[in-house]
$ cat query-v2.cif   # mmCIF, C-alpha atoms and all ligand atoms
data_model
#
loop_
_atom_site.label_atom_id
_atom_site.label_comp_id
_atom_site.auth_asym_id
_atom_site.auth_seq_id
_atom_site.Cartn_x
_atom_site.Cartn_y
_atom_site.Cartn_z
CA MET A 1456 -13.65 14.18 44.38
CA SER A 1457 -10.12 13.91 42.83
CA VAL A 1458 -9.89 13.15 39.13
CA LEU A 1459 -7.66 10.13 39.88
CA PHE A 1460 -10.23 8.74 42.32
CA ALA A 1461 -13.04 9.34 39.81
CA LEU A 1462 -11.00 7.64 37.10
CA LEU A 1463 -10.30 4.68 39.41
CA ILE A 1464 -14.01 4.35 40.14
CA SER A 1465 -14.85 4.55 36.43
CA PHE A 1466 -12.11 2.02 35.64
CA ASP A 1467 -13.33 -0.18 38.47
CA VAL A 1468 -16.97 -0.11 37.32
CA ALA A 1469 -16.11 -0.59 33.67
CA ASN A 1470 -13.86 -3.54 34.47
CA ALA A 1471 -16.09 -5.10 37.10
CA ARG A 1472 -18.10 -6.30 34.10
CA GLY A 1473 -17.66 -9.98 33.44
CA PRO A 1474 -16.52 -11.44 30.08
CA GLY A 1475 -19.06 -11.59 27.26
CA LEU A 1476 -22.07 -9.36 26.74
CA PRO A 1477 -23.03 -6.71 29.32
CA ASN A 1478 -26.04 -7.31 31.58
CA VAL A 1479 -28.59 -4.56 30.92
CA MET A 1480 -31.89 -4.13 32.75
CA VAL A 1481 -34.71 -2.42 30.81
CA LEU A 1482 -37.20 -0.73 33.15
CA ALA A 1483 -40.45 0.22 31.39
CA THR A 1484 -42.63 3.12 32.55
CA GLY A 1485 -44.97 3.70 29.55
CA GLY A 1486 -45.09 6.49 26.98
CA THR A 1487 -45.32 6.47 23.21
CA ILE A 1488 -42.55 3.89 22.86
CA ALA A 1489 -45.16 1.61 24.44
CA GLY A 1490 -48.01 3.23 22.57
CA SER A 1491 -50.39 1.90 19.94
CA GLY A 1492 -52.45 3.59 17.27
CA ALA A 1493 -55.56 2.67 15.32
CA SER A 1494 -53.51 2.07 12.17
CA SER A 1495 -49.91 2.10 10.91
CA THR A 1496 -50.36 5.69 9.80
CA THR A 1497 -51.55 6.93 13.20
CA VAL A 1498 -48.73 9.07 14.52
CA VAL A 1499 -50.80 11.50 16.57
CA GLY A 1500 -53.95 10.70 18.52
CA TYR A 1501 -52.65 7.22 19.49
CA THR A 1502 -52.76 5.78 23.03
CA ALA A 1503 -49.53 5.87 25.02
CA ALA A 1504 -48.57 3.24 27.60
CA THR A 1505 -50.48 0.23 26.27
CA VAL A 1506 -47.69 -2.21 25.28
CA GLY A 1507 -45.88 -4.17 28.01
CA ILE A 1508 -42.13 -4.58 28.43
CA GLU A 1509 -41.98 -8.18 27.15
CA THR A 1510 -43.66 -7.12 23.89
CA LEU A 1511 -41.25 -4.20 23.55
CA LEU A 1512 -38.24 -6.47 24.01
CA ASN A 1513 -39.60 -9.23 21.74
CA ALA A 1514 -40.08 -6.64 18.99
CA VAL A 1515 -36.28 -6.18 18.89
CA PRO A 1516 -34.71 -9.66 18.80
CA GLU A 1517 -31.39 -8.05 17.84
CA LEU A 1518 -31.05 -6.95 21.48
CA LYS A 1519 -29.73 -10.44 22.27
CA THR A 1520 -26.69 -9.79 20.06
CA VAL A 1521 -25.52 -6.76 22.07
CA ALA A 1522 -26.47 -7.47 25.70
CA ASN A 1523 -27.98 -9.93 28.15
CA VAL A 1524 -31.28 -8.08 28.55
CA LYS A 1525 -33.90 -8.47 31.27
CA GLY A 1526 -37.10 -6.42 31.40
CA GLU A 1527 -39.26 -5.11 34.23
CA GLN A 1528 -42.49 -3.08 34.10
CA VAL A 1529 -42.04 -0.56 36.93
CA PHE A 1530 -45.28 1.24 36.03
CA GLN A 1531 -47.27 2.00 32.85
CA ILE A 1532 -48.23 5.66 32.33
CA ALA A 1533 -48.30 8.41 29.77
CA SER A 1534 -45.51 10.61 31.09
CA GLU A 1535 -47.58 13.79 31.38
CA ASN A 1536 -48.96 11.94 34.42
CA MET A 1537 -45.53 11.53 36.03
CA ASN A 1538 -45.35 12.52 39.70
CA ASN A 1539 -43.06 12.41 42.73
CA ASP A 1540 -44.37 9.02 43.88
CA TYR A 1541 -43.41 7.45 40.54
CA TRP A 1542 -40.02 9.20 40.64
CA LEU A 1543 -39.23 7.89 44.11
CA LYS A 1544 -40.32 4.36 43.18
CA LEU A 1545 -38.21 4.42 39.99
CA ALA A 1546 -35.13 5.94 41.67
CA LYS A 1547 -35.17 3.39 44.50
CA ARG A 1548 -35.54 0.51 42.00
CA VAL A 1549 -32.68 1.85 39.85
CA ASN A 1550 -30.36 2.19 42.85
CA THR A 1551 -31.20 -1.29 44.11
CA LEU A 1552 -30.45 -2.82 40.71
CA LEU A 1553 -27.24 -0.83 40.12
CA ALA A 1554 -25.89 -2.05 43.46
CA GLN A 1555 -26.06 -5.60 42.08
CA ASP A 1556 -22.84 -6.99 40.53
CA ASP A 1557 -24.90 -8.71 37.81
CA VAL A 1558 -26.26 -5.39 36.47
CA ASP A 1559 -23.90 -3.39 34.24
CA GLY A 1560 -26.32 -0.70 33.11
CA ILE A 1561 -29.97 0.32 33.00
CA VAL A 1562 -32.29 1.54 30.24
CA ILE A 1563 -35.53 3.27 31.19
CA THR A 1564 -38.27 3.45 28.54
CA HIS A 1565 -40.36 6.57 29.16
CA GLY A 1566 -42.84 8.98 27.60
CA THR A 1567 -41.09 11.88 25.91
CA ASP A 1568 -43.23 14.62 27.48
CA THR A 1569 -41.35 14.52 30.80
CA ILE A 1570 -38.22 12.56 29.88
CA GLU A 1571 -36.10 15.66 30.55
CA GLU A 1572 -37.46 15.95 34.09
CA THR A 1573 -37.25 12.28 35.08
CA SER A 1574 -33.73 12.00 33.67
CA TYR A 1575 -32.54 15.09 35.57
CA PHE A 1576 -34.15 13.85 38.79
CA LEU A 1577 -32.30 10.54 38.34
CA ASP A 1578 -29.09 12.41 37.45
CA LEU A 1579 -29.25 13.92 40.95
CA VAL A 1580 -30.23 10.80 42.95
CA VAL A 1581 -28.68 7.73 41.23
CA LYS A 1582 -25.81 6.53 43.47
CA SER A 1583 -23.65 4.80 40.86
CA LYS A 1584 -21.33 5.55 37.92
CA LYS A 1585 -22.90 2.71 35.92
CA PRO A 1586 -24.75 3.93 32.80
CA VAL A 1587 -28.41 4.91 33.06
CA VAL A 1588 -30.00 5.69 29.68
CA VAL A 1589 -33.52 7.10 29.36
CA VAL A 1590 -35.17 6.43 26.00
CA GLY A 1591 -38.52 7.11 24.33
CA ALA A 1592 -40.09 7.39 20.93
CA MET A 1593 -42.01 9.98 18.97
CA ARG A 1594 -44.06 7.44 16.99
CA PRO A 1595 -46.11 4.63 18.55
CA SER A 1596 -44.93 1.03 18.21
CA THR A 1597 -47.68 0.36 15.60
CA ALA A 1598 -46.64 3.16 13.21
CA ILE A 1599 -44.76 2.97 9.91
CA SER A 1600 -41.08 3.72 10.69
CA ALA A 1601 -41.70 3.55 14.41
CA ASP A 1602 -38.57 5.00 16.04
CA GLY A 1603 -38.95 3.04 19.30
CA PRO A 1604 -37.18 -0.18 18.26
CA ILE A 1605 -34.01 1.48 16.98
CA ASN A 1606 -33.99 3.90 19.91
CA LEU A 1607 -34.29 0.97 22.33
CA PHE A 1608 -31.56 -0.99 20.51
CA ASN A 1609 -29.18 1.99 20.68
CA ALA A 1610 -30.06 2.70 24.32
CA VAL A 1611 -29.22 -0.88 25.34
CA ILE A 1612 -25.86 -0.67 23.53
CA LEU A 1613 -25.16 2.66 25.23
CA ALA A 1614 -26.15 1.38 28.69
CA GLY A 1615 -23.85 -1.61 28.26
CA SER A 1616 -20.90 0.43 27.03
CA ASP A 1617 -17.72 1.37 28.89
CA GLU A 1618 -17.90 4.80 27.22
CA ALA A 1619 -21.09 5.70 29.10
CA VAL A 1620 -19.64 4.88 32.55
CA GLY A 1621 -19.41 7.99 34.71
CA LYS A 1622 -21.16 10.27 32.17
CA GLY A 1623 -24.28 10.83 34.30
CA VAL A 1624 -27.82 9.95 33.24
CA LEU A 1625 -28.13 10.08 29.45
CA VAL A 1626 -31.10 10.67 27.14
CA ALA A 1627 -30.65 8.88 23.81
CA LEU A 1628 -33.09 9.06 20.89
CA ASN A 1629 -32.63 9.60 17.15
CA ASP A 1630 -28.94 8.49 17.25
CA GLN A 1631 -28.11 11.48 19.49
CA ILE A 1632 -26.77 11.37 23.08
CA ASN A 1633 -27.80 14.16 25.46
CA ALA A 1634 -26.93 14.90 29.08
CA ALA A 1635 -29.89 14.78 31.46
CA ARG A 1636 -29.03 18.20 32.93
CA ASP A 1637 -29.27 20.14 29.67
CA VAL A 1638 -31.54 18.17 27.31
CA THR A 1639 -35.01 19.47 26.53
CA LYS A 1640 -37.86 18.62 24.15
CA ASN A 1641 -37.73 21.12 21.31
CA ASN A 1642 -40.59 20.02 19.02
CA THR A 1643 -44.04 18.74 19.88
CA SER A 1644 -43.95 15.85 17.38
CA THR A 1645 -40.80 15.34 15.28
CA ALA A 1646 -38.35 12.44 15.78
CA ASP A 1647 -35.38 14.80 16.31
CA THR A 1648 -37.10 16.70 19.12
CA PHE A 1649 -34.52 16.15 21.88
CA ARG A 1650 -31.81 18.78 21.75
CA THR A 1651 -29.35 20.48 24.08
CA PRO A 1652 -29.64 24.02 22.71
CA GLU A 1653 -26.36 25.96 22.54
CA LEU A 1654 -24.42 23.55 24.79
CA GLY A 1655 -24.91 20.65 22.38
CA PHE A 1656 -25.10 16.87 22.31
CA LEU A 1657 -22.57 14.79 24.28
CA GLY A 1658 -22.21 12.54 21.21
CA TYR A 1659 -23.86 10.17 18.78
CA MET A 1660 -24.78 6.53 18.30
CA GLN A 1661 -23.39 5.33 15.00
CA GLY A 1662 -22.89 1.81 13.64
CA ASN A 1663 -24.08 0.28 16.93
CA LYS A 1664 -21.43 2.16 18.92
CA PRO A 1665 -21.42 5.31 21.09
CA TYR A 1666 -19.14 8.25 20.20
CA PHE A 1667 -18.66 10.90 22.90
CA TYR A 1668 -17.20 14.36 22.18
CA ARG A 1669 -17.80 16.08 25.53
CA GLN A 1670 -19.24 15.52 28.98
CA SER A 1671 -21.04 17.58 31.62
CA THR A 1672 -18.89 19.66 33.96
CA ARG A 1673 -21.54 19.56 36.68
CA ARG A 1674 -21.80 17.05 39.58
CA HIS A 1675 -24.17 14.14 39.12
CA THR A 1676 -25.02 10.54 40.12
CA ALA A 1677 -22.33 9.01 42.38
CA ASP A 1678 -20.93 12.50 43.13
CA SER A 1679 -24.32 13.89 44.14
CA GLU A 1680 -25.13 14.83 47.75
CA PHE A 1681 -28.83 14.00 47.36
CA ASP A 1682 -30.22 10.71 48.66
CA VAL A 1683 -33.88 9.71 48.36
CA SER A 1684 -33.48 6.15 49.75
CA SER A 1685 -35.28 7.02 52.99
CA LEU A 1686 -37.79 9.51 51.53
CA ASP A 1687 -41.46 8.79 50.81
CA VAL A 1688 -42.46 12.35 49.91
CA LEU A 1689 -40.74 15.34 48.32
CA PRO A 1690 -41.27 19.04 49.22
CA GLN A 1691 -43.94 20.86 47.17
CA VAL A 1692 -42.28 23.20 44.66
CA ASP A 1693 -44.28 25.03 41.99
CA ILE A 1694 -43.53 27.17 38.91
CA VAL A 1695 -45.07 30.52 37.98
CA TYR A 1696 -44.76 31.56 34.35
CA GLY A 1697 -43.81 35.15 33.53
CA TYR A 1698 -45.53 37.20 30.79
CA ALA A 1699 -46.52 40.77 29.96
CA ASN A 1700 -49.30 42.04 32.22
CA MET A 1701 -48.62 39.30 34.81
CA ASN A 1702 -50.38 39.55 38.20
CA ARG A 1703 -49.64 37.97 41.60
CA VAL A 1704 -52.60 35.58 41.79
CA ALA A 1705 -50.68 32.37 41.01
CA ILE A 1706 -47.89 33.22 43.47
CA ASP A 1707 -50.35 33.90 46.29
CA ALA A 1708 -52.27 30.72 45.46
CA PHE A 1709 -49.14 28.54 45.60
CA VAL A 1710 -48.12 30.08 48.92
CA ALA A 1711 -51.62 29.53 50.34
CA ALA A 1712 -51.47 25.90 49.15
CA GLY A 1713 -48.28 25.34 51.16
CA ALA A 1714 -45.53 25.45 48.52
CA LYS A 1715 -42.07 25.21 50.13
CA GLY A 1716 -40.45 26.65 47.01
CA ILE A 1717 -41.48 28.66 43.96
CA VAL A 1718 -39.57 28.84 40.68
CA HIS A 1719 -40.28 32.00 38.72
CA ALA A 1720 -39.95 31.47 34.95
CA GLY A 1721 -39.25 35.11 34.22
CA VAL A 1722 -39.13 36.95 30.93
CA GLY A 1723 -35.63 37.67 29.64
CA ASP A 1724 -32.85 37.29 32.22
CA GLY A 1725 -35.37 36.18 34.86
CA SER A 1726 -36.96 39.64 35.21
CA LEU A 1727 -39.69 40.22 37.83
CA ALA A 1728 -42.74 42.33 36.90
CA ARG A 1729 -43.22 45.32 39.17
CA PRO A 1730 -45.36 46.32 41.00
CA ALA A 1731 -47.24 42.96 40.92
CA VAL A 1732 -44.76 40.10 41.03
CA GLU A 1733 -41.68 41.28 42.95
CA PRO A 1734 -43.65 42.21 46.13
CA ALA A 1735 -45.59 38.93 45.96
CA LEU A 1736 -42.34 36.92 45.80
CA ASP A 1737 -40.87 39.08 48.58
CA GLU A 1738 -43.85 38.34 50.82
CA ALA A 1739 -43.60 34.63 49.96
CA ARG A 1740 -39.90 34.68 50.89
CA LYS A 1741 -40.67 36.36 54.20
CA LYS A 1742 -43.10 33.49 54.89
CA GLY A 1743 -40.23 31.02 54.41
CA VAL A 1744 -40.89 30.00 50.79
CA VAL A 1745 -37.59 29.65 48.88
CA ILE A 1746 -37.68 31.61 45.61
CA VAL A 1747 -35.61 30.67 42.55
CA ARG A 1748 -35.38 33.04 39.61
CA SER A 1749 -35.26 31.11 36.33
CA SER A 1750 -36.16 32.19 32.81
CA ARG A 1751 -38.75 31.21 30.20
CA VAL A 1752 -36.15 31.94 27.50
CA GLY A 1753 -34.61 28.45 27.61
CA ASN A 1754 -30.92 29.32 27.15
CA GLY A 1755 -28.28 31.34 28.99
CA ILE A 1756 -27.33 32.15 32.57
CA VAL A 1757 -29.80 33.87 34.90
CA ALA A 1758 -27.32 36.26 36.52
CA ARG A 1759 -27.38 36.73 40.29
CA ASN A 1760 -28.21 40.37 41.19
CA GLY A 1761 -28.81 41.09 37.48
CA GLU A 1762 -32.50 41.81 36.87
CA ALA A 1763 -33.31 41.71 40.61
CA LYS A 1764 -31.47 42.46 43.86
CA ASP A 1765 -31.21 38.80 44.88
CA ASP A 1766 -28.95 39.52 47.87
CA GLU A 1767 -31.53 41.99 49.18
CA HIS A 1768 -34.56 39.75 48.48
CA ASP A 1769 -32.74 36.56 49.58
CA PHE A 1770 -33.63 34.94 46.24
CA VAL A 1771 -31.71 32.14 44.50
CA VAL A 1772 -30.90 32.12 40.76
CA SER A 1773 -31.16 29.00 38.58
CA ASP A 1774 -27.88 29.47 36.63
CA THR A 1775 -28.73 27.83 33.26
CA LEU A 1776 -31.42 25.41 34.50
CA ASN A 1777 -34.78 25.90 32.78
CA PRO A 1778 -37.79 26.25 35.10
CA GLN A 1779 -38.85 22.60 35.05
CA LYS A 1780 -35.31 21.47 35.95
CA ALA A 1781 -34.78 24.25 38.50
CA ARG A 1782 -37.92 22.94 40.20
CA ILE A 1783 -36.35 19.48 40.53
CA LEU A 1784 -33.09 20.74 41.98
CA LEU A 1785 -34.93 23.05 44.41
CA MET A 1786 -37.16 20.16 45.52
CA LEU A 1787 -34.12 17.99 46.29
CA ALA A 1788 -32.23 20.90 47.87
CA LEU A 1789 -35.16 21.39 50.26
CA THR A 1790 -34.80 17.78 51.43
CA LYS A 1791 -31.43 18.88 52.87
CA THR A 1792 -31.67 22.57 53.80
CA THR A 1793 -33.65 25.83 53.69
CA ASP A 1794 -30.44 27.89 53.83
CA THR A 1795 -30.52 29.96 50.64
CA LYS A 1796 -26.72 30.33 50.51
CA GLU A 1797 -26.40 26.54 50.54
CA ILE A 1798 -29.16 26.22 47.93
CA GLN A 1799 -27.46 28.80 45.72
CA ARG A 1800 -24.24 26.73 45.98
CA MET A 1801 -26.21 23.71 44.77
CA PHE A 1802 -27.47 25.62 41.73
CA PHE A 1803 -23.88 26.56 40.87
CA THR A 1804 -22.73 22.95 41.43
CA TYR A 1805 -25.26 20.67 39.73
N1 LIG B 1901 -48.31 11.06 26.26
C1 LIG B 1901 -46.94 11.39 25.89
C2 LIG B 1901 -45.98 10.79 26.91
O1 LIG B 1901 -46.24 9.69 27.42
C3 LIG B 1901 -46.60 10.87 24.54
C4 LIG B 1901 -45.30 11.39 24.08
C5 LIG B 1901 -44.26 10.33 23.88
O2 LIG B 1901 -44.04 9.44 24.74
O3 LIG B 1901 -43.59 10.45 22.84
O4 LIG B 1901 -44.95 11.43 27.20
#

$ encode --input "query-v2.cif" --output "structure tokens"
Amino acid sequence: MSVLFALLISFDVANARGPGLPNVMVLATGGTIAGSGASSTTVVGYTAATVGIETLLNAVPELKTVANVKGEQVFQIASENMNNDYWLKLAKRVNTLLAQDDVDGIVITHGTDTIEETSYFLDLVVKSKKPVVVVGAMRPSTAISADGPINLFNAVILAGSDEAVGKGVLVALNDQINAARDVTKNNTSTADTFRTPELGFLGYMQGNKPYFYRQSTRRHTADSEFDVSSLDVLPQVDIVYGYANMNRVAIDAFVAAGAKGIVHAGVGDGSLARPAVEPALDEARKKGVVIVRSSRVGNGIVARNGEAKDDEHDFVVSDTLNPQKARILLMLALTKTTDTKEIQRMFFTY
């Protein structure tokens, strides 16, 4: 898409907004932001996904000063229980709402355990340049210094801002703005857990305003070729984790269970253990399973034909996508093709 055309779309969306405050929909899915603990000092061992959307919104009356906010409880789960059915339901609801002229942006409240996966899935299937901001909290709503209210306040401002138009799906907690493609949870329990290692934040929330300093160079949202509007199921793709002394049992089990794709979270630059793992993946490939080489390391490019002869094996490499995100892109790629050259193009594009 030409830059001019993209700019015109961004300008068009940003200016389609009527006068006054932006109209922001808050879609609730559960998580700690909707969690409650036994006391105000309970910050671990609380129950996630117990507080409904109206309570969440009423807890932040200041929202009315920055947007016309409406809430909807799409589902109510702890996000470790997220699955493809929930993703398809959420994506279809988001696209329906964004197609409405009276919706300027969307906030999704979500558990932090799988925020990075849901946000990347949406980054690939949302068909609009309007802002979509995924937000969570690391402390339950009942805790001293709960971070949910301020995170929600900032997310609504961001979702209603012109600055966020065309930036792709964003993950915003702790005053920091991350891109869905690259963000990952870096700490099991601290409030500053969401980082984009090496590639960095897109920007910050400060003084009730977003400040952007960069944006993703990869295709997303309205520029994406993926469309889930007519899908009710997604192809089964699994991940095998690499480690010293690894065997082939998990690979064979996933193939026997009907996996259409396997992501290998290799050691180092996506290395394959021999003689156990490489032959197992080769046999899986020969049975039609698409293999993507990723890395457990978390940063850097998995180089094609580096640690394995990908051309010879007909494997795909994940570029910089970590295993859990490579799984999402492979799943969506398989809704369109099983051609590994096409799939490799997708991994170098998104
Ligand atoms: N059960 C986890 C989840 O729903 C709690 C983590 C959180 O939301 O911060 O993702």

$ closest_residue --input "query-v2.cif" --among "A:Lys1547, A:Ala1514, A:Arg1800, A:Ile1561" --to "A:Ala1483" --atoms "all atoms listed in the file"
A:Ile1561

$ closest_residue --input "query-v2.cif" --among "A:Glu1733, A:Glu1618, A:Asp1724, A:Asp1559" --to "A:Met1701" --atoms "all atoms listed in the file"
A:Glu1733

$ closest_residue --input "query-v2.cif" --among "A:Ala1646, A:Leu1613, A:Leu1579, A:Ala1711" --to "ligand LIG 1901 (chain B)" --atoms "all atoms listed in the file"
A:Ala1646

$ residues_near_ligand --input "query-v2.cif" --ligand "ligand LIG 1901 (chain B)" --cutoff "8 Å" --atoms "all atoms listed in the file" --output "PDB file with C-alpha atoms, keeping the file's coordinate frame"
ATOM      1  CA  GLY A1485     -44.970   3.700  29.550  1.00  0.00           C
ATOM      2  CA  GLY A1486     -45.090   6.490  26.980  1.00  0.00           C
ATOM      3  CA  THR A1487     -45.320   6.470  23.210  1.00  0.00           C
ATOM      4  CA  ILE A1488     -42.550   3.890  22.860  1.00  0.00           C
ATOM      5  CA  ALA A1489     -45.160   1.610  24.440  1.00  0.00           C
ATOM      6  CA  GLY A1490     -48.010   3.230  22.570  1.00  0.00           C
ATOM      7  CA  THR A1502     -52.760   5.780  23.030  1.00  0.00           C
ATOM      8  CA  ALA A1503     -49.530   5.870  25.020  1.00  0.00           C
ATOM      9  CA  ALA A1504     -48.570   3.240  27.600  1.00  0.00           C
ATOM     10  CA  ILE A1532     -48.230   5.660  32.330  1.00  0.00           C
ATOM     11  CA  ALA A1533     -48.300   8.410  29.770  1.00  0.00           C
ATOM     12  CA  SER A1534     -45.510  10.610  31.090  1.00  0.00           C
ATOM     13  CA  GLU A1535     -47.580  13.790  31.380  1.00  0.00           C
ATOM     14  CA  ASN A1536     -48.960  11.940  34.420  1.00  0.00           C
ATOM     15  CA  HIS A1565     -40.360   6.570  29.160  1.00  0.00           C
ATOM     16  CA  GLY A1566     -42.840   8.980  27.600  1.00  0.00           C
ATOM     17  CA  THR A1567     -41.090  11.880  25.910  1.00  0.00           C
ATOM     18  CA  ASP A1568     -43.230  14.620  27.480  1.00  0.00           C
ATOM     19  CA  THR A1569     -41.350  14.520  30.800  1.00  0.00           C
ATOM     20  CA  ILE A1570     -38.220  12.560  29.880  1.00  0.00           C
ATOM     21  CA  GLY A1591     -38.520   7.110  24.330  1.00  0.00           C
ATOM     22  CA  ALA A1592     -40.090   7.390  20.930  1.00  0.00           C
ATOM     23  CA  MET A1593     -42.010   9.980  18.970  1.00  0.00           C
ATOM     24  CA  ARG A1594     -44.060   7.440  16.990  1.00  0.00           C
ATOM     25  CA  PRO A1595     -46.110   4.630  18.550  1.00  0.00           C
ATOM     26  CA  SER A1644     -43.950  15.850  17.380  1.00  0.00           C
TER      27      SER A1644
END

$ residues_around --input "query-v2.cif" --residues "A:Ala1610" --least-positions-apart "4" --cutoff "10 Å" --atoms "only C-alpha atoms" --output "JSON, numbers by chain"
{"A": [1479, 1481, 1561, 1562, 1563, 1564, 1587, 1588, 1589, 1590, 1591, 1604, 1605, 1606, 1614, 1615, 1616, 1625, 1626, 1627, 1628, 1630, 1632, 1660, 1663, 1665]}

$ closest_residue --input "query-v2.cif" --among "A:Gln1691, A:Ser1749, A:Ser1671, A:Thr1651" --to "A:Val1718" --atoms "only C-alpha atoms"
A:Ser1749

$ residues_around --input "query-v2.cif" --residues "A:Leu1657" --least-positions-apart "6" --cutoff "6 Å" --atoms "only C-alpha atoms" --output "NGL selection string"
:A and (1632-1633 or 1667-1670)

$ closest_residue --input "query-v2.cif" --among "A:Gln1531, A:Gln1555, A:Thr1510, A:Thr1497" --to "A:Asn1478" --atoms "only C-alpha atoms"
A:Gln1555

$ closest_residue --input "query-v2.cif" --among "A:Val1683, A:Phe1608, A:Arg1748, A:Ala1677" --to "A:Lys1622" --atoms "only C-alpha atoms"
A:Ala1677

$ axis_aligned_box --input "query-v2.cif" --around "stretch 1682-1687 of chain A" --padding-each-side "8 Å" --output "JSON"
{"center_x": -35.8, "center_y": 8.4, "center_z": 50.7, "size_x": 27.2, "size_y": 20.6, "size_z": 20.6}

$ residues_around --input "query-v2.cif" --residues "A:Gly1755" --least-positions-apart "4" --cutoff "12 Å" --atoms "all atoms listed in the file" --output "VMD selection string"
chain A and resid 1637 1651 to 1654 1723 to 1725 1749 to 1751 1773 to 1777

$ write_last_selection --input "query-v2.cif" --atoms "C-alpha atoms" --output "mmCIF file, in the frame of the given file"
data_model
loop_
_atom_site.group_PDB
_atom_site.id
_atom_site.type_symbol
_atom_site.label_atom_id
_atom_site.label_comp_id
_atom_site.auth_asym_id
_atom_site.auth_seq_id
_atom_site.Cartn_x
_atom_site.Cartn_y
_atom_site.Cartn_z
ATOM 1 C CA ASP A 1637 -29.270 20.140 29.670
ATOM 2 C CA THR A 1651 -29.350 20.480 24.080
ATOM 3 C CA PRO A 1652 -29.640 24.020 22.710
ATOM 4 C CA GLU A 1653 -26.360 25.960 22.540
ATOM 5 C CA LEU A 1654 -24.420 23.550 24.790
ATOM 6 C CA GLY A 1723 -35.630 37.670 29.640
ATOM 7 C CA ASP A 1724 -32.850 37.290 32.220
ATOM 8 C CA GLY A 1725 -35.370 36.180 34.860
ATOM 9 C CA SER A 1749 -35.260 31.110 36.330
ATOM 10 C CA SER A 1750 -36.160 32.190 32.810
ATOM 11 C CA ARG A 1751 -38.750 31.210 30.200
ATOM 12 C CA SER A 1773 -31.160 29.000 38.580
ATOM 13 C CA ASP A 1774 -27.880 29.470 36.630
ATOM 14 C CA THR A 1775 -28.730 27.830 33.260
ATOM 15 C CA LEU A 1776 -31.420 25.410 34.500
ATOM 16 C CA ASN A 1777 -34.780 25.900 32.780
#

$ atom_distance --input "query-v2.cif" --atom1 "atom CA of A:Asn1629" --atom2 "atom CA of A:Val1498"
16.3 Å

$ atom_distance --input "query-v2.cif" --atom1 "atom CA of A:Leu1543" --atom2 "atom CA of A:Asp1556"
22.4 Å

$ residues_around --input "query-v2.cif" --residues "A:Val1772" --least-positions-apart "5" --cutoff "10 Å" --atoms "all atoms listed in the file" --output "number ranges by chain"
A: 1718-1719, 1725, 1746-1750, 1756-1761, 1763, 1765, 1781, 1798-1799, 1802-1803
